[in-house]
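Undergrad: Dropping in coords.cif, which is mmCIF, C-alpha atoms:
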```cif
data_protein
#
loop_
_atom_site.label_atom_id
_atom_site.label_comp_id
_atom_site.auth_asym_id
_atom_site.auth_seq_id
_atom_site.Cartn_x
_atom_site.Cartn_y
_atom_site.Cartn_z
CA MET E 1 -70.76 -173.29 -194.39
CA ARG E 2 -69.36 -170.63 -196.70
CA ASN E 3 -66.90 -171.00 -199.53
CA VAL E 4 -65.08 -168.63 -201.83
CA ALA E 5 -64.23 -169.22 -205.47
CA ILE E 6 -62.93 -166.67 -207.95
CA ALA E 7 -62.71 -167.61 -211.60
CA CYS E 8 -60.10 -165.09 -212.69
CA LEU E 9 -57.58 -163.30 -210.51
CA LEU E 10 -55.11 -160.69 -211.73
CA ILE E 11 -52.28 -159.87 -209.35
CA SER E 12 -48.93 -158.27 -209.83
CA SER E 13 -45.74 -160.29 -209.44
CA GLY E 14 -44.88 -161.39 -205.89
CA SER E 15 -42.04 -159.87 -203.93
CA ALA E 16 -39.75 -161.15 -201.21
CA LEU E 17 -40.19 -159.90 -197.68
CA ALA E 18 -37.76 -157.45 -196.18
CA GLN E 19 -34.25 -158.56 -195.30
CA ASN E 20 -33.83 -160.34 -191.98
CA GLY E 21 -33.52 -157.83 -189.16
CA VAL E 22 -30.72 -157.41 -186.68
CA ILE E 23 -30.41 -158.37 -183.05
CA VAL E 24 -30.01 -155.25 -180.93
CA VAL E 25 -27.85 -155.56 -177.83
CA GLY E 26 -27.71 -153.17 -174.88
CA ALA E 27 -24.81 -153.05 -172.45
CA GLY E 28 -25.09 -154.67 -169.05
CA ALA E 29 -24.56 -152.79 -165.79
CA GLY E 30 -20.90 -151.94 -165.34
CA ASP E 31 -20.18 -151.25 -169.02
CA PRO E 32 -20.39 -148.03 -171.05
CA PRO E 33 -23.94 -147.43 -172.43
CA GLU E 34 -23.32 -148.83 -175.88
CA VAL E 35 -25.98 -150.24 -178.20
CA ARG E 36 -24.70 -152.76 -180.76
CA LEU E 37 -26.38 -154.28 -183.82
CA TYR E 38 -25.56 -157.83 -184.89
CA GLU E 39 -26.42 -159.99 -187.87
CA PRO E 40 -28.34 -162.83 -186.19
CA LEU E 41 -26.99 -165.83 -188.13
CA THR E 42 -23.29 -164.97 -188.25
CA GLY E 43 -22.95 -162.74 -185.20
CA THR E 44 -21.25 -160.05 -187.29
CA LEU E 45 -21.18 -156.64 -185.62
CA LEU E 46 -22.89 -154.23 -188.01
CA ASP E 47 -23.09 -150.95 -186.12
CA SER E 48 -22.97 -149.38 -182.66
CA PHE E 49 -23.61 -146.10 -180.85
CA MET E 50 -23.77 -144.69 -177.33
CA ALA E 51 -27.30 -144.35 -175.99
CA TYR E 52 -26.33 -142.18 -172.98
CA ASP E 53 -23.36 -140.23 -171.66
CA THR E 54 -20.28 -142.42 -171.71
CA GLY E 55 -19.87 -142.16 -167.94
CA PHE E 56 -23.20 -143.89 -167.28
CA THR E 57 -22.74 -147.59 -166.42
CA GLY E 58 -26.21 -148.66 -165.24
CA GLY E 59 -26.96 -150.80 -168.28
CA VAL E 60 -29.12 -150.21 -171.35
CA ARG E 61 -32.47 -151.94 -171.80
CA VAL E 62 -33.43 -152.18 -175.50
CA ALA E 63 -36.45 -152.70 -177.74
CA VAL E 64 -37.14 -152.31 -181.46
CA GLY E 65 -40.19 -151.08 -183.35
CA ASP E 66 -41.20 -148.82 -186.22
CA VAL E 67 -42.00 -145.62 -184.38
CA THR E 68 -41.68 -143.37 -187.44
CA GLY E 69 -43.83 -145.50 -189.77
CA ASP E 70 -41.16 -145.65 -192.48
CA GLY E 71 -40.88 -149.43 -192.52
CA VAL E 72 -37.51 -149.40 -190.72
CA ALA E 73 -37.05 -150.54 -187.13
CA ASP E 74 -36.20 -147.76 -184.69
CA ILE E 75 -34.29 -148.43 -181.47
CA ILE E 76 -35.79 -147.77 -178.05
CA THR E 77 -33.57 -147.63 -174.97
CA GLY E 78 -34.18 -147.43 -171.26
CA ALA E 79 -31.44 -146.42 -168.83
CA GLY E 80 -30.80 -148.93 -166.06
CA PRO E 81 -30.81 -148.10 -162.34
CA GLY E 82 -28.34 -145.69 -160.82
CA GLY E 83 -28.78 -142.52 -162.81
CA LEU E 84 -31.34 -140.49 -164.69
CA SER E 85 -34.02 -142.99 -165.75
CA LEU E 86 -34.34 -141.79 -169.32
CA LEU E 87 -36.37 -143.31 -172.12
CA ARG E 88 -34.88 -142.58 -175.54
CA VAL E 89 -35.86 -143.42 -179.11
CA PHE E 90 -33.33 -143.41 -181.96
CA ASP E 91 -34.12 -143.35 -185.67
CA GLY E 92 -33.31 -146.72 -187.22
CA VAL E 93 -31.56 -145.18 -190.22
CA THR E 94 -29.70 -142.14 -188.88
CA HIS E 95 -29.60 -142.94 -185.13
CA ALA E 96 -30.84 -139.39 -184.53
CA MET E 97 -32.58 -139.08 -181.16
CA LEU E 98 -36.35 -138.80 -181.58
CA LEU E 99 -37.48 -138.89 -177.95
CA ASP E 100 -35.81 -138.17 -174.61
CA VAL E 101 -38.17 -138.30 -171.61
CA TYR E 102 -38.50 -139.42 -167.99
CA PRO E 103 -41.44 -141.86 -167.82
CA TYR E 104 -41.35 -141.88 -164.02
CA GLY E 105 -40.14 -138.36 -163.31
CA SER E 106 -36.70 -136.78 -163.28
CA ARG E 107 -36.03 -137.77 -159.65
CA PHE E 108 -36.62 -141.50 -160.15
CA ALA E 109 -33.34 -143.44 -160.39
CA GLY E 110 -34.66 -147.00 -160.58
CA GLY E 111 -34.25 -147.46 -164.33
CA VAL E 112 -36.62 -148.10 -167.23
CA ASN E 113 -37.53 -151.35 -168.97
CA VAL E 114 -38.85 -150.97 -172.53
CA ALA E 115 -40.90 -152.68 -175.24
CA ALA E 116 -42.62 -151.66 -178.49
CA GLY E 117 -45.61 -152.79 -180.55
CA ASP E 118 -48.46 -151.40 -182.63
CA LEU E 119 -51.18 -151.48 -179.98
CA ASN E 120 -53.78 -149.39 -181.83
CA GLY E 121 -53.30 -150.63 -185.40
CA ASP E 122 -52.27 -147.28 -186.90
CA GLY E 123 -49.00 -148.52 -188.42
CA PHE E 124 -46.81 -146.83 -185.79
CA ASP E 125 -45.40 -148.88 -182.92
CA GLU E 126 -46.24 -147.65 -179.45
CA ILE E 127 -43.54 -147.52 -176.76
CA ILE E 128 -44.16 -149.29 -173.47
CA THR E 129 -42.18 -148.84 -170.26
CA GLY E 130 -42.00 -150.53 -166.89
CA PRO E 131 -39.95 -149.40 -163.87
CA ALA E 132 -36.76 -151.44 -163.54
CA GLU E 133 -36.83 -151.44 -159.72
CA SER E 134 -38.03 -149.69 -156.55
CA SER E 135 -41.32 -148.35 -157.86
CA PRO E 136 -45.02 -149.17 -158.01
CA PRO E 137 -45.81 -151.29 -161.10
CA THR E 138 -46.86 -148.47 -163.41
CA VAL E 139 -46.80 -149.29 -167.11
CA VAL E 140 -46.58 -146.15 -169.27
CA VAL E 141 -47.55 -146.14 -172.96
CA TYR E 142 -46.41 -143.59 -175.56
CA ASP E 143 -48.14 -143.18 -178.90
CA GLY E 144 -45.79 -144.06 -181.75
CA ALA E 145 -47.18 -141.52 -184.20
CA THR E 146 -46.95 -138.51 -181.87
CA LEU E 147 -44.38 -139.70 -179.29
CA THR E 148 -46.64 -138.44 -176.52
CA GLU E 149 -47.84 -140.31 -173.45
CA ILE E 150 -51.32 -141.72 -173.99
CA GLY E 151 -51.88 -143.41 -170.66
CA SER E 152 -50.68 -145.65 -167.87
CA PHE E 153 -51.97 -148.49 -165.71
CA ASP E 154 -50.91 -150.89 -162.96
CA GLY E 155 -49.08 -153.82 -164.53
CA ASP E 156 -49.28 -155.86 -161.32
CA ASP E 157 -50.66 -155.59 -157.81
CA PRO E 158 -50.39 -151.88 -156.86
CA SER E 159 -48.42 -152.80 -153.73
CA PHE E 160 -45.74 -154.60 -155.77
CA GLU E 161 -42.68 -152.32 -155.91
CA ARG E 162 -39.80 -154.36 -157.32
CA GLY E 163 -40.16 -153.38 -160.97
CA LEU E 164 -41.61 -154.88 -164.15
CA HIS E 165 -40.19 -156.36 -167.31
CA VAL E 166 -42.41 -155.57 -170.32
CA ALA E 167 -43.10 -157.01 -173.76
CA THR E 168 -45.76 -156.88 -176.48
CA GLY E 169 -47.35 -159.59 -178.59
CA ASP E 170 -50.49 -160.73 -180.33
CA ILE E 171 -51.64 -163.17 -177.68
CA ASP E 172 -55.40 -163.08 -178.32
CA GLY E 173 -55.84 -161.68 -181.84
CA ASP E 174 -54.55 -158.13 -181.37
CA ASP E 175 -51.41 -156.62 -179.83
CA ASP E 176 -51.26 -156.95 -176.07
CA ILE E 177 -48.86 -155.98 -173.26
CA VAL E 178 -47.06 -158.64 -171.22
CA THR E 179 -45.43 -157.93 -167.86
CA GLY E 180 -43.12 -160.02 -165.69
CA ARG E 181 -41.93 -159.36 -162.18
CA VAL E 182 -38.38 -158.22 -161.55
CA PHE E 183 -36.49 -160.51 -159.18
CA GLY E 184 -36.55 -159.75 -155.46
CA PRO E 185 -36.25 -161.55 -152.14
CA ASN E 186 -38.99 -163.86 -150.93
CA GLY E 187 -40.92 -162.86 -147.84
CA SER E 188 -41.32 -159.27 -148.99
CA GLY E 189 -45.10 -159.55 -149.06
CA PHE E 190 -45.50 -159.43 -152.83
CA GLY E 191 -46.43 -163.07 -153.47
CA PRO E 192 -44.90 -165.27 -156.19
CA ASN E 193 -41.70 -163.94 -157.75
CA SER E 194 -42.29 -165.14 -161.32
CA LYS E 195 -45.79 -163.78 -161.90
CA MET E 196 -46.67 -162.76 -165.47
CA ASN E 197 -49.65 -160.68 -166.60
CA ILE E 198 -51.24 -160.02 -169.99
CA PHE E 199 -53.16 -156.80 -170.63
CA ASN E 200 -55.20 -155.67 -173.61
CA GLY E 201 -53.41 -152.84 -175.44
CA PRO E 202 -52.99 -149.98 -175.48
CA ILE E 203 -54.57 -149.22 -172.09
CA GLY E 204 -56.80 -152.17 -171.38
CA GLY E 205 -57.88 -154.61 -168.72
CA SER E 206 -56.31 -157.84 -167.61
CA LEU E 207 -56.48 -160.75 -170.07
CA GLY E 208 -54.66 -163.38 -168.08
CA THR E 209 -52.06 -164.16 -165.46
CA GLY E 210 -49.76 -167.04 -164.63
CA LEU E 211 -46.51 -168.18 -163.02
CA ALA E 212 -43.41 -168.99 -165.02
CA TYR E 213 -41.98 -171.07 -162.17
CA SER E 214 -43.13 -172.60 -158.92
CA THR E 215 -44.36 -170.31 -156.18
CA PHE E 216 -41.32 -171.23 -154.11
CA VAL E 217 -38.71 -170.59 -156.82
CA GLN E 218 -36.59 -167.53 -156.10
CA SER E 219 -36.69 -165.85 -159.51
CA GLY E 220 -38.35 -163.01 -161.32
CA VAL E 221 -39.14 -163.42 -165.01
CA PHE E 222 -37.98 -161.77 -168.22
CA VAL E 223 -40.72 -161.83 -170.87
CA ALA E 224 -41.00 -161.69 -174.66
CA ALA E 225 -43.54 -162.88 -177.23
CA GLY E 226 -43.43 -164.39 -180.70
CA ASP E 227 -45.41 -166.66 -183.01
CA LEU E 228 -43.28 -169.77 -182.51
CA ASP E 229 -45.65 -172.29 -184.11
CA ASN E 230 -47.07 -170.22 -187.01
CA ASP E 231 -50.65 -170.34 -185.70
CA GLY E 232 -51.20 -166.59 -186.08
CA LYS E 233 -50.93 -165.85 -182.36
CA ASP E 234 -47.88 -165.19 -180.21
CA GLU E 235 -46.60 -167.38 -177.43
CA VAL E 236 -45.18 -165.82 -174.26
CA ILE E 237 -41.50 -166.58 -173.67
CA ALA E 238 -40.25 -166.57 -170.08
CA GLY E 239 -36.64 -166.50 -168.90
CA PRO E 240 -35.50 -166.55 -165.28
CA ASP E 241 -34.53 -163.26 -163.64
CA GLY E 242 -32.63 -164.81 -160.76
CA PRO E 243 -29.97 -167.41 -159.88
CA ILE E 244 -31.92 -170.58 -160.67
CA GLY E 245 -30.19 -171.84 -163.83
CA SER E 246 -31.24 -171.18 -167.42
CA LEU E 247 -34.59 -172.98 -167.64
CA THR E 248 -36.60 -171.06 -170.24
CA GLU E 249 -40.29 -171.67 -170.97
CA THR E 250 -43.06 -170.76 -173.41
CA PHE E 251 -46.78 -170.38 -172.75
CA ASN E 252 -49.82 -170.45 -175.04
CA ASP E 253 -52.74 -167.99 -175.07
CA THR E 254 -54.04 -165.79 -172.27
CA GLY E 255 -54.58 -168.82 -170.03
CA MET E 256 -50.76 -169.11 -169.75
CA THR E 257 -50.79 -172.80 -170.65
CA GLY E 258 -47.25 -174.16 -170.47
CA ALA E 259 -46.05 -175.34 -173.88
CA LEU E 260 -42.29 -175.84 -173.80
CA MET E 261 -39.29 -175.75 -171.49
CA PHE E 262 -35.57 -176.00 -172.23
CA PHE E 263 -32.19 -174.89 -170.91
CA ALA E 264 -31.00 -171.79 -172.73
CA PHE E 265 -27.31 -172.30 -171.92
CA ALA E 266 -25.17 -175.41 -171.56
CA GLU E 267 -23.53 -174.26 -168.34
CA PRO E 268 -25.53 -176.13 -165.64
CA ASN E 269 -24.69 -173.73 -162.80
CA PHE E 270 -25.37 -170.49 -164.66
CA GLY E 271 -27.39 -168.12 -162.52
CA GLY E 272 -27.20 -164.73 -164.22
CA GLY E 273 -30.70 -164.72 -165.64
CA VAL E 274 -31.86 -165.30 -169.21
CA ARG E 275 -32.86 -162.21 -171.21
CA VAL E 276 -35.36 -163.23 -173.90
CA ALA E 277 -36.50 -161.90 -177.27
CA SER E 278 -38.14 -163.25 -180.41
CA GLY E 279 -38.21 -162.60 -184.15
CA ASP E 280 -37.96 -164.26 -187.54
CA VAL E 281 -34.23 -164.87 -187.92
CA THR E 282 -34.35 -167.39 -190.76
CA GLY E 283 -36.88 -165.61 -192.99
CA ASP E 284 -39.40 -168.46 -193.05
CA GLY E 285 -42.20 -166.45 -191.45
CA ILE E 286 -41.91 -168.25 -188.10
CA ASP E 287 -40.38 -166.56 -185.08
CA GLU E 288 -37.35 -167.95 -183.31
CA ILE E 289 -36.44 -167.79 -179.60
CA ILE E 290 -33.47 -165.55 -178.80
CA VAL E 291 -31.73 -165.64 -175.42
CA GLY E 292 -28.96 -163.50 -173.96
CA ALA E 293 -26.87 -164.14 -170.86
CA GLY E 294 -27.17 -161.94 -167.80
CA PRO E 295 -24.32 -161.13 -165.39
CA TRP E 296 -22.67 -164.07 -163.66
CA ALA E 297 -19.05 -163.95 -162.46
CA SER E 298 -18.93 -167.38 -160.82
CA THR E 299 -18.94 -169.33 -164.08
CA VAL E 300 -18.38 -166.79 -166.81
CA ILE E 301 -20.07 -167.60 -170.11
CA GLY E 302 -19.71 -164.06 -171.38
CA PRO E 303 -22.23 -162.00 -173.37
CA LEU E 304 -23.53 -165.09 -175.14
CA ILE E 305 -26.51 -165.01 -177.51
CA ASN E 306 -28.21 -168.23 -178.59
CA VAL E 307 -30.89 -168.40 -181.28
CA TYR E 308 -33.21 -171.42 -181.15
CA SER E 309 -35.96 -172.63 -183.44
CA GLY E 310 -39.48 -171.96 -182.20
CA ASP E 311 -39.73 -175.45 -180.71
CA ALA E 312 -36.23 -175.13 -179.19
CA SER E 313 -35.13 -178.33 -180.94
CA THR E 314 -32.43 -176.64 -183.03
CA LEU E 315 -29.69 -174.21 -182.05
CA ILE E 316 -29.62 -172.00 -185.14
CA SER E 317 -26.79 -169.66 -184.17
CA SER E 318 -24.62 -168.83 -181.19
CA PHE E 319 -22.18 -165.95 -180.74
CA PHE E 320 -20.68 -163.54 -178.22
CA ALA E 321 -21.94 -159.96 -178.36
CA GLY E 322 -18.64 -158.53 -177.20
CA ASP E 323 -15.66 -159.73 -175.17
CA PRO E 324 -16.25 -163.41 -174.24
CA MET E 325 -14.72 -162.77 -170.82
CA ASN E 326 -17.06 -159.87 -169.96
CA ALA E 327 -19.24 -161.03 -167.05
CA ASN E 328 -21.62 -158.02 -166.96
CA GLY E 329 -24.35 -159.55 -169.12
CA ILE E 330 -26.37 -158.01 -171.94
CA TYR E 331 -29.89 -156.95 -172.86
CA ILE E 332 -31.37 -158.00 -176.20
CA ALA E 333 -34.16 -157.14 -178.65
CA GLY E 334 -35.27 -158.04 -182.14
CA PRO E 335 -35.02 -158.84 -184.88
CA TRP E 336 -37.88 -156.74 -186.21
CA HIS E 337 -39.55 -157.01 -189.63
CA PRO E 338 -42.31 -154.96 -191.26
CA GLU E 339 -45.62 -156.72 -190.84
CA CYS E 340 -46.58 -158.47 -194.06
CA ILE E 341 -50.23 -159.32 -193.61
CA ALA E 342 -50.65 -160.54 -197.20
CA ASP E 343 -48.16 -163.38 -196.58
CA VAL E 344 -51.00 -165.56 -195.30
CA ASN E 345 -49.13 -168.86 -195.57
CA GLY E 346 -46.14 -167.48 -193.66
CA ASP E 347 -43.46 -168.72 -196.05
CA GLY E 348 -41.63 -165.39 -196.16
CA MET E 349 -42.64 -164.64 -199.76
CA LEU E 350 -45.57 -163.00 -201.51
CA THR E 351 -46.80 -165.35 -204.24
CA PRO E 352 -50.18 -166.42 -205.66
CA ALA E 353 -50.06 -169.29 -203.15
CA ASP E 354 -50.99 -166.70 -200.54
CA PHE E 355 -54.34 -166.24 -202.29
CA THR E 356 -55.06 -169.94 -201.85
CA ALA E 357 -54.06 -169.58 -198.20
CA TRP E 358 -56.36 -166.56 -197.81
CA VAL E 359 -59.30 -168.51 -199.26
CA ALA E 360 -58.64 -171.30 -196.78
CA ALA E 361 -58.45 -168.77 -193.94
CA PHE E 362 -61.73 -167.21 -195.09
CA ASN E 363 -63.52 -170.53 -195.19
CA ALA E 364 -62.18 -171.46 -191.75
CA ASN E 365 -62.70 -167.96 -190.28
CA ALA E 366 -58.99 -168.11 -189.32
CA PRO E 367 -56.84 -165.12 -188.27
CA GLY E 368 -55.22 -164.73 -191.69
CA CYS E 369 -58.57 -163.80 -193.22
CA ASP E 370 -58.77 -160.34 -191.63
CA GLN E 371 -56.83 -158.15 -194.05
CA ASN E 372 -58.43 -154.76 -193.36
CA GLY E 373 -57.99 -154.73 -189.59
CA ASP E 374 -61.68 -154.62 -188.63
CA ASN E 375 -61.44 -157.86 -186.61
CA LEU E 376 -64.00 -159.47 -188.94
CA CYS E 377 -63.71 -162.02 -191.72
CA THR E 378 -65.84 -160.85 -194.68
CA PRO E 379 -65.58 -160.71 -198.49
CA ALA E 380 -64.25 -157.16 -198.08
CA ASP E 381 -61.04 -158.74 -196.82
CA PHE E 382 -60.38 -160.13 -200.31
CA THR E 383 -60.16 -156.61 -201.73
CA ALA E 384 -57.91 -155.68 -198.81
CA TRP E 385 -55.72 -158.74 -199.36
CA LEU E 386 -55.29 -157.87 -203.01
CA ALA E 387 -54.23 -154.31 -202.11
CA ASN E 388 -51.85 -155.61 -199.46
CA PHE E 389 -50.35 -158.08 -201.92
CA ASN E 390 -49.78 -155.49 -204.62
CA ALA E 391 -48.28 -153.08 -202.08
CA GLY E 392 -45.59 -155.65 -201.27
CA CYS E 393 -43.61 -155.84 -198.05
#
```
For the file at hand, write its structure as structure tokens.
TA:
Amino acid sequence: MRNVAIACLLISSGSALAQNGVIVVGAGAGDPPEVRLYEPLTGTLLDSFMAYDTGFTGGVRVAVGDVTGDGVADIITGAGPGGLSLLRVFDGVTHAMLLDVYPYGSRFAGGVNVAAGDLNGDGFDEIITGPAESSPPTVVVYDGATLTEIGSFDGDDPSFERGLHVATGDIDGDDDIVTGRVFGPNGSGFGPNSKMNIFNGPIGGSLGTGLAYSTFVQSGVFVAAGDLDNDGKDEVIAGPDGPIGSLTETFNDTGMTGALMFFAFAEPNFGGGVRVASGDVTGDGIDEIIVGAGPWASTVIGPLINVYSGDASTLISSFFAGDPMNANGIYIAGPWHPECIADVNGDGMLTPADFTAWVAAFNANAPGCDQNGDNLCTPADFTAWLANFNAGC
């Protein structure tokens, strides 16, 4: 057994974490390609811009991540099916376009799903893409620091050609890539519709696989990840991509152990699919579950966004991201916050209490101990914690 005790500790005054981030909303198919930014607790529209030519109506997939390394979330967009399948990155401050590429070639018109996360630990978020439809399941990864492609791999069985939803999260102690199958008809030879896979980032092997729903359920699966229980590792969040209601689930670890299930929307017959995201909305250091409504004309609930606590017991906020009568659905991402590794107790503040929490993490060899990113827990992490604390967030 090892223990740490320090008789005298000099640290600078603590600082609050960055302001709560925004929820980024991309237009559904049928609407102009607008990206809108909302305050997550009040639903106030803060900003908007067009991600593609105004005549494009294929929908805009969205993700957020710090691609430039300036501590501000940048906005990643993927054009939906029906046009040029462009991946674009916009600066989070100026909205200037930083990247404009075809991950699957200029002739591919199936659309691009997007995600972002720091897969190599260099402080720049990588960009991850999956084909939205009608393509082999190739996941493409772009380096955040250089905005160049660094590799690709099969995110599902190579014969699966319906498309992949993508997400990133720290499922096993470092950032990983999560994929979920896009909805398609049964009997097409691809096996279960709602299959999810976890891969080691940035270009790694399979870590785990599982089903969000029964083998016989006709639904694909939207995926996201967030630390919903403050244990230092992310849970996978799964929302239906198909007309089966709004049953949303969470799963623990790479074994895809089911943890939670709830109905994202009150409308019992809703079948437009549940787009999912996660982030710390309340500023307490614990991620919330964010859901957005997909297209459904039969019982219109509009472009509704609901924000739930990590255990889904509390509806924290609910608002329409646009005209309540618009039945075209939305895509969602965020909120994003700069990583604050020195906030070991996860209370959203940097205070001397985080030193006590670091000592406890050191003695327990817990994830919060590793402050220098070497995947070890050693006394050197104390020096790193002190530097991280004084640097603030």
Undergrad: Just to confirm, what's the straight-line distance from atom CA of Asp47 of chain E to atom CA of Ala327 of chain E in Å (one decimal)?
TA: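 Atom-to-atom, atom CA of Asp47 of chain E and atom CA of Ala327 of chain E are spaced 21.9 Å apart.
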Undergrad: Once the PyMOL selection byres ((chain E and resi 169-179) around 8) has been applied to the shown file, what residues remain in the selection, as number ranges by chain?
TA: E: 117-120, 155-156, 164-168, 180-181, 196-202, 223-226, 232-236, 252-254, 367
Undergrad: For the file shown, report as a CSV table (one decimal) with C-alpha atoms, in the frame of the given file the outcome of the PyMOL selection byres ((chain E and resi 300) around 12) at residue level.
TA:
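And here is the file that came out, selection08.csv:
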```csv
chain,number,residue,atom,x,y,z
E,265,PHE,CA,-27.3,-172.3,-171.9
E,266,ALA,CA,-25.2,-175.4,-171.6
E,267,GLU,CA,-23.5,-174.3,-168.3
E,268,PRO,CA,-25.5,-176.1,-165.6
E,269,ASN,CA,-24.7,-173.7,-162.8
E,270,PHE,CA,-25.4,-170.5,-164.7
E,271,GLY,CA,-27.4,-168.1,-162.5
E,272,GLY,CA,-27.2,-164.7,-164.2
E,293,ALA,CA,-26.9,-164.1,-170.9
E,294,GLY,CA,-27.2,-161.9,-167.8
E,295,PRO,CA,-24.3,-161.1,-165.4
E,296,TRP,CA,-22.7,-164.1,-163.7
E,297,ALA,CA,-19.0,-164.0,-162.5
E,298,SER,CA,-18.9,-167.4,-160.8
E,299,THR,CA,-18.9,-169.3,-164.1
E,301,ILE,CA,-20.1,-167.6,-170.1
E,302,GLY,CA,-19.7,-164.1,-171.4
E,303,PRO,CA,-22.2,-162.0,-173.4
E,304,LEU,CA,-23.5,-165.1,-175.1
E,323,ASP,CA,-15.7,-159.7,-175.2
E,324,PRO,CA,-16.2,-163.4,-174.2
E,325,MET,CA,-14.7,-162.8,-170.8
E,326,ASN,CA,-17.1,-159.9,-170.0
E,327,ALA,CA,-19.2,-161.0,-167.0
E,328,ASN,CA,-21.6,-158.0,-167.0
E,329,GLY,CA,-24.4,-159.6,-169.1
```
Undergrad: Tell me, in Å to one decimal, how far atom CA of Pro32 of chain E is from atom CA of Phe56 of chain E.
TA: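 Taking atom CA of Pro32 of chain E as the start and atom CA of Phe56 of chain E as the end point, the length is 6.3 Å.
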Undergrad: Would you list the residues near (-30.6, -171.8, -157.5) (no more than 8 Å away, in the coordinates of the file, using all atoms listed in the file) as a ChimeraX atom specification?
TA: /E:218,242-245,271
Undergrad: In Å, rounded to a single decimal, give me how far atom CA of Ile203 of chain E is from atom CA of His95 of chain E.
TA: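 Spanning atom CA of His95 of chain E to atom CA of Ile203 of chain E is a straight-line distance of 28.9 Å.
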Undergrad: Can you give me, as JSON, numbers by chain, the residues this file yields under the PyMOL selection byres ((chain E and resi 219) around 9)?
TA: {"E": [181, 182, 183, 184, 185, 192, 193, 194, 213, 216, 217, 218, 220, 221, 240, 241, 242, 243, 244, 273]}
Undergrad: For the residues in that selection, give me C-alpha atoms as a PDB file, in the frame of the given file.
TA:
```pdb
ATOM      1  CA  ARG E 181     -41.930-159.360-162.180  1.00  0.00           C
ATOM      2  CA  VAL E 182     -38.380-158.220-161.550  1.00  0.00           C
ATOM      3  CA  PHE E 183     -36.490-160.510-159.180  1.00  0.00           C
ATOM      4  CA  GLY E 184     -36.550-159.750-155.460  1.00  0.00           C
ATOM      5  CA  PRO E 185     -36.250-161.550-152.140  1.00  0.00           C
ATOM      6  CA  PRO E 192     -44.900-165.270-156.190  1.00  0.00           C
ATOM      7  CA  ASN E 193     -41.700-163.940-157.750  1.00  0.00           C
ATOM      8  CA  SER E 194     -42.290-165.140-161.320  1.00  0.00           C
ATOM      9  CA  TYR E 213     -41.980-171.070-162.170  1.00  0.00           C
ATOM     10  CA  PHE E 216     -41.320-171.230-154.110  1.00  0.00           C
ATOM     11  CA  VAL E 217     -38.710-170.590-156.820  1.00  0.00           C
ATOM     12  CA  GLN E 218     -36.590-167.530-156.100  1.00  0.00           C
ATOM     13  CA  GLY E 220     -38.350-163.010-161.320  1.00  0.00           C
ATOM     14  CA  VAL E 221     -39.140-163.420-165.010  1.00  0.00           C
ATOM     15  CA  PRO E 240     -35.500-166.550-165.280  1.00  0.00           C
ATOM     16  CA  ASP E 241     -34.530-163.260-163.640  1.00  0.00           C
ATOM     17  CA  GLY E 242     -32.630-164.810-160.760  1.00  0.00           C
ATOM     18  CA  PRO E 243     -29.970-167.410-159.880  1.00  0.00           C
ATOM     19  CA  ILE E 244     -31.920-170.580-160.670  1.00  0.00           C
ATOM     20  CA  GLY E 273     -30.700-164.720-165.640  1.00  0.00           C
TER      21      GLY E 273
END
```
Undergrad: For Thr148 of chain E, which of E:Pro103, E:Gly110, E:Gly239, E:Gly78 is the closest residue, counting all atoms listed in the file?
TA: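 Checking each of E:Pro103, E:Gly110, E:Gly239, E:Gly78 against Thr148 of chain E, counting all atoms listed in the file, the winner is E:Pro103.
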Undergrad: Using all atoms listed in the file, I'd like a table of the residues in segment 171-231 of chain E that come within 12 Å of segment 343-351 of chain E; for each, show the closest atom pair and its distance in Å rounded to one decimal, ordered by chain and ascending number, as a Markdown table.
TA:
```
| residue | atom | partner | partner_atom | distance |
| --- | --- | --- | --- | --- |
| E:Asp227 | CA | E:Gly346 | CA | 10.7 |
| E:Leu228 | CA | E:Gly346 | CA | 11.7 |
| E:Asp229 | CA | E:Gly346 | CA | 10.7 |
| E:Asn230 | CA | E:Gly346 | CA | 7.3 |
| E:Asp231 | CA | E:Gly346 | CA | 9.6 |
```
Undergrad: Pick the closest to Ser309 of chain E from E:Ser278, E:Thr209, E:Thr57, E:Asn388: which is it, counting only C-alpha atoms?
TA: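 Comparing E:Ser278, E:Thr209, E:Thr57, E:Asn388 against Ser309 of chain E, the winner is E:Ser278.
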Undergrad: Find the residues around Gly130 of chain E up to 8 Å (only C-alpha atoms counted), leave out those fewer than 3 positions away in its own chain, and share them as a ChimeraX atom specification.
TA: /E:112-114,137-140,163-166
Undergrad: Quick one: of E:Gln371, E:Ser214, E:Thr356, E:Ser318, who's nearest to Gly43 of chain E, counting only C-alpha atoms?
TA: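 So, comparing all the options, the nearest one is E:Ser318.
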Undergrad: Taking (-62.0, -165.9, -194.0) in the coordinates of the supplied file, I want to know which residues reach to within 9 Å of it, counting only C-alpha atoms; could you give the answer as a CSV table (one decimal) with C-alpha atoms, in the coordinates of the input?
TA:
```
chain,number,residue,atom,x,y,z
E,3,ASN,CA,-66.9,-171.0,-199.5
E,4,VAL,CA,-65.1,-168.6,-201.8
E,358,TRP,CA,-56.4,-166.6,-197.8
E,359,VAL,CA,-59.3,-168.5,-199.3
E,360,ALA,CA,-58.6,-171.3,-196.8
E,361,ALA,CA,-58.4,-168.8,-193.9
E,362,PHE,CA,-61.7,-167.2,-195.1
E,363,ASN,CA,-63.5,-170.5,-195.2
E,364,ALA,CA,-62.2,-171.5,-191.8
E,365,ASN,CA,-62.7,-168.0,-190.3
E,366,ALA,CA,-59.0,-168.1,-189.3
E,367,PRO,CA,-56.8,-165.1,-188.3
E,368,GLY,CA,-55.2,-164.7,-191.7
E,369,CYS,CA,-58.6,-163.8,-193.2
E,370,ASP,CA,-58.8,-160.3,-191.6
E,376,LEU,CA,-64.0,-159.5,-188.9
E,377,CYS,CA,-63.7,-162.0,-191.7
E,378,THR,CA,-65.8,-160.8,-194.7
E,379,PRO,CA,-65.6,-160.7,-198.5
E,381,ASP,CA,-61.0,-158.7,-196.8
E,382,PHE,CA,-60.4,-160.1,-200.3
```
